[in-house]
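Since the structure comes first, as structure tokens, the remarks are kept for the end.
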Amino acid sequence: MSVIRLQLTLVFMGDSGVGKTSLRLRLEGQPWDDIVKFIAGEMTQRGKKLTIYSSSIMRDYYINAVRYEILWTIYDLAGQDYAREVIESLLGQGRVAVAVFDVTRRITFENLRDWWIPKYWEKIEEKRRSSKLYKSFHGRKAPLVLVGNKIDLRREDDPDHVKTEEISMLAEQLSEKLGLEVPYIEISAKESDFTYVEKILELAANAYVKWLALIGEKEY
């Protein structure tokens with residue numbers, strides 16, 4: 001069976017403290033206790049330090065009976081306001097975005113909806129202007145996966161906590177703008193098992209392949 005090999009940049013975006021780094025480290029196979037120690041060390045040293053990480057992960061997928069071998073380069077972007085200028089420049093590098101928010105902090109959900117996702121699509125469009133395939137991509141927003149983290153802490157009676165119905169509604173609105181389904185997943189970086197955390201990459205791979213089919217290109 002032939003294999004389609006892709007090298008794709010995946011951008012983890014969202015406010016500070018939503019769990020982007022924890023999810024990235026879980027995808028790398030790190031145990032939770034080590035992640036807690038790493039995060040604690042970062043918090044004591046951070047101050048005004050710009051925290052942007054990158055890592056590479058290889059995965060195989062079967063999508064529509066076709067085998068894909070994808071080398072993911074993951075950018076784990078800082079969420080601090082003072083880092084916005086650097087963040088904006090990196091947003092345009094993504095082929096797919098993982099948009100992460102904390103279900104127990106409504107403001108992170110609203111910021112994702114009102115700033116992160118629109119800015120991601122804006123920067124992608126800017127970067128495409130220099131592409132030879134610009135006519136194919138013009139006006140086509142880039143694929144993304146919506147991730148609600150920390151569901152182990154969510155309480156249905158807390159008005160500041162984001163409900164599943166609200167996430168579903170946003171996913172539908174984004175899907176309409178993209179012209180393609182925007183998948184979403186609710187997860188706990190702490191308690192979800194590795195197989196479930198892996199669904200983030202699986203959803204991202206499927207979203208990218210479907211997006212290519214939508215625009216009629218084999219690769220971008």
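Chain lettering (A, B, ...) mirrors the order of the structure tokens, residue numbering begins at 1 for each chain separately, and ligand numbering begins at 1 in order of display.
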Tell me, as a PDB file with C-alpha atoms, in the first residue's frame, which residues lie within 9 Å of A:Ile117, counting only C-alpha atoms; anything in the same chain fewer than 2 positions away does not count.
ATOM      1  CA  MET A  13      -3.156  28.434  20.603  1.00  0.00           C
ATOM      2  CA  GLY A  14      -5.173  29.890  23.449  1.00  0.00           C
ATOM      3  CA  ALA A  97      -4.586  24.895  14.651  1.00  0.00           C
ATOM      4  CA  ALA A  99      -7.647  26.027  19.696  1.00  0.00           C
ATOM      5  CA  ASN A 111     -11.006  35.123  23.825  1.00  0.00           C
ATOM      6  CA  LEU A 112     -10.616  32.102  21.573  1.00  0.00           C
ATOM      7  CA  ARG A 113     -13.802  33.019  19.723  1.00  0.00           C
ATOM      8  CA  ASP A 114     -13.128  36.759  19.529  1.00  0.00           C
ATOM      9  CA  TRP A 115      -9.348  37.021  19.118  1.00  0.00           C
ATOM     10  CA  LYS A 119      -6.331  36.318  14.187  1.00  0.00           C
ATOM     11  CA  TYR A 120      -5.223  32.834  13.108  1.00  0.00           C
ATOM     12  CA  TRP A 121      -7.328  33.036   9.954  1.00  0.00           C
ATOM     13  CA  GLU A 122      -6.148  36.597   9.298  1.00  0.00           C
ATOM     14  CA  LEU A 144      -8.736  23.853  13.189  1.00  0.00           C
TER      15      LEU A 144
END
Name the residues in contact with stretch 93-95 of chain A at a cut-off of 8 Å, using only C-alpha atoms, excluding same-chain residues fewer than 2 positions from it; report them as a count of residues only. 13
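Near stretch 55-63 of chain A, within 8 Å and counting only C-alpha atoms, sit Glu28, Val66, Arg67, Tyr68, Glu69, Ile70, Leu71, Trp72, Thr73, Ile74, Tyr75, Glu202, Ala205 and Asn206 of chain A; same-chain residues fewer than 3 positions away were not included.
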Just want the 8 Å neighbourhood of stretch 169-176 of chain A, counted on only C-alpha atoms, with same-chain residues fewer than 5 positions away dropped. Output as a compact mmCIF listing (two decimals) with N, CA and C atoms, in the first residue's frame.
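Final output, around31.txt:
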# COMPACT_ATOMS: atom_id res chain seq x y z
N ARG A 113 -12.79 32.67 20.73
CA ARG A 113 -13.80 33.02 19.72
C ARG A 113 -13.55 34.40 19.11
N LEU A 146 -11.22 22.39 17.89
CA LEU A 146 -11.61 23.11 19.11
C LEU A 146 -11.49 22.15 20.29
N GLU A 181 -16.57 20.98 8.45
CA GLU A 181 -16.81 20.73 9.87
C GLU A 181 -15.58 21.04 10.71
N VAL A 182 -15.79 21.81 11.77
CA VAL A 182 -14.75 22.06 12.76
C VAL A 182 -15.01 21.11 13.93
N PRO A 183 -14.16 20.10 14.10
CA PRO A 183 -14.39 19.14 15.18
C PRO A 183 -14.06 19.74 16.54
N TYR A 184 -14.69 19.24 17.57
CA TYR A 184 -14.35 19.69 18.91
C TYR A 184 -14.31 18.50 19.85
Can you check which residues of stretch 9-197 of chain A DSSP gives as strand (DSSP E) on the backbone and send them as an NGL selection string? :A and (9-13 or 53-63 or 66-76 or 96-102 or 144-149 or 184-186)
Writer output for current selection, C-alpha atoms, as an mmCIF file, in the first residue's frame:
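In the end it all went to again_12.cif:
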data_model
loop_
_atom_site.group_PDB
_atom_site.id
_atom_site.type_symbol
_atom_site.label_atom_id
_atom_site.label_comp_id
_atom_site.auth_asym_id
_atom_site.auth_seq_id
_atom_site.Cartn_x
_atom_site.Cartn_y
_atom_site.Cartn_z
ATOM 1 C CA THR A 9 2.887 22.518 11.371
ATOM 2 C CA LEU A 10 0.310 22.320 14.141
ATOM 3 C CA VAL A 11 -0.274 25.446 16.237
ATOM 4 C CA PHE A 12 -1.525 25.089 19.810
ATOM 5 C CA MET A 13 -3.156 28.434 20.603
ATOM 6 C CA TYR A 53 7.888 25.633 22.616
ATOM 7 C CA SER A 54 8.184 23.392 19.589
ATOM 8 C CA SER A 55 8.391 19.634 19.250
ATOM 9 C CA SER A 56 8.097 16.995 16.527
ATOM 10 C CA ILE A 57 5.839 13.941 16.604
ATOM 11 C CA MET A 58 5.438 11.248 13.918
ATOM 12 C CA ARG A 59 2.081 9.513 13.524
ATOM 13 C CA ASP A 60 0.387 7.171 11.013
ATOM 14 C CA TYR A 61 -3.288 7.443 10.085
ATOM 15 C CA TYR A 62 -5.701 5.662 7.777
ATOM 16 C CA ILE A 63 -8.111 8.201 6.321
ATOM 17 C CA VAL A 66 -5.423 5.841 2.492
ATOM 18 C CA ARG A 67 -2.386 5.641 4.745
ATOM 19 C CA TYR A 68 -0.898 8.969 5.806
ATOM 20 C CA GLU A 69 2.435 9.331 7.564
ATOM 21 C CA ILE A 70 2.510 12.752 9.173
ATOM 22 C CA LEU A 71 5.423 14.445 10.853
ATOM 23 C CA TRP A 72 3.844 17.053 13.083
ATOM 24 C CA THR A 73 5.869 20.080 14.111
ATOM 25 C CA ILE A 74 3.955 21.459 17.062
ATOM 26 C CA TYR A 75 4.183 25.103 18.111
ATOM 27 C CA ASP A 76 2.980 25.578 21.678
ATOM 28 C CA VAL A 96 -3.866 23.256 11.294
ATOM 29 C CA ALA A 97 -4.586 24.895 14.651
ATOM 30 C CA VAL A 98 -5.588 23.339 17.963
ATOM 31 C CA ALA A 99 -7.647 26.027 19.696
ATOM 32 C CA VAL A 100 -7.577 25.319 23.435
ATOM 33 C CA PHE A 101 -9.657 26.882 26.204
ATOM 34 C CA ASP A 102 -10.347 26.119 29.852
ATOM 35 C CA LEU A 144 -8.736 23.853 13.189
ATOM 36 C CA VAL A 145 -9.765 21.655 16.107
ATOM 37 C CA LEU A 146 -11.613 23.110 19.107
ATOM 38 C CA VAL A 147 -10.473 21.682 22.473
ATOM 39 C CA GLY A 148 -12.186 22.286 25.817
ATOM 40 C CA ASN A 149 -9.724 21.294 28.539
ATOM 41 C CA TYR A 184 -14.347 19.687 18.915
ATOM 42 C CA ILE A 185 -13.344 17.555 21.851
ATOM 43 C CA GLU A 186 -13.742 17.960 25.606
#
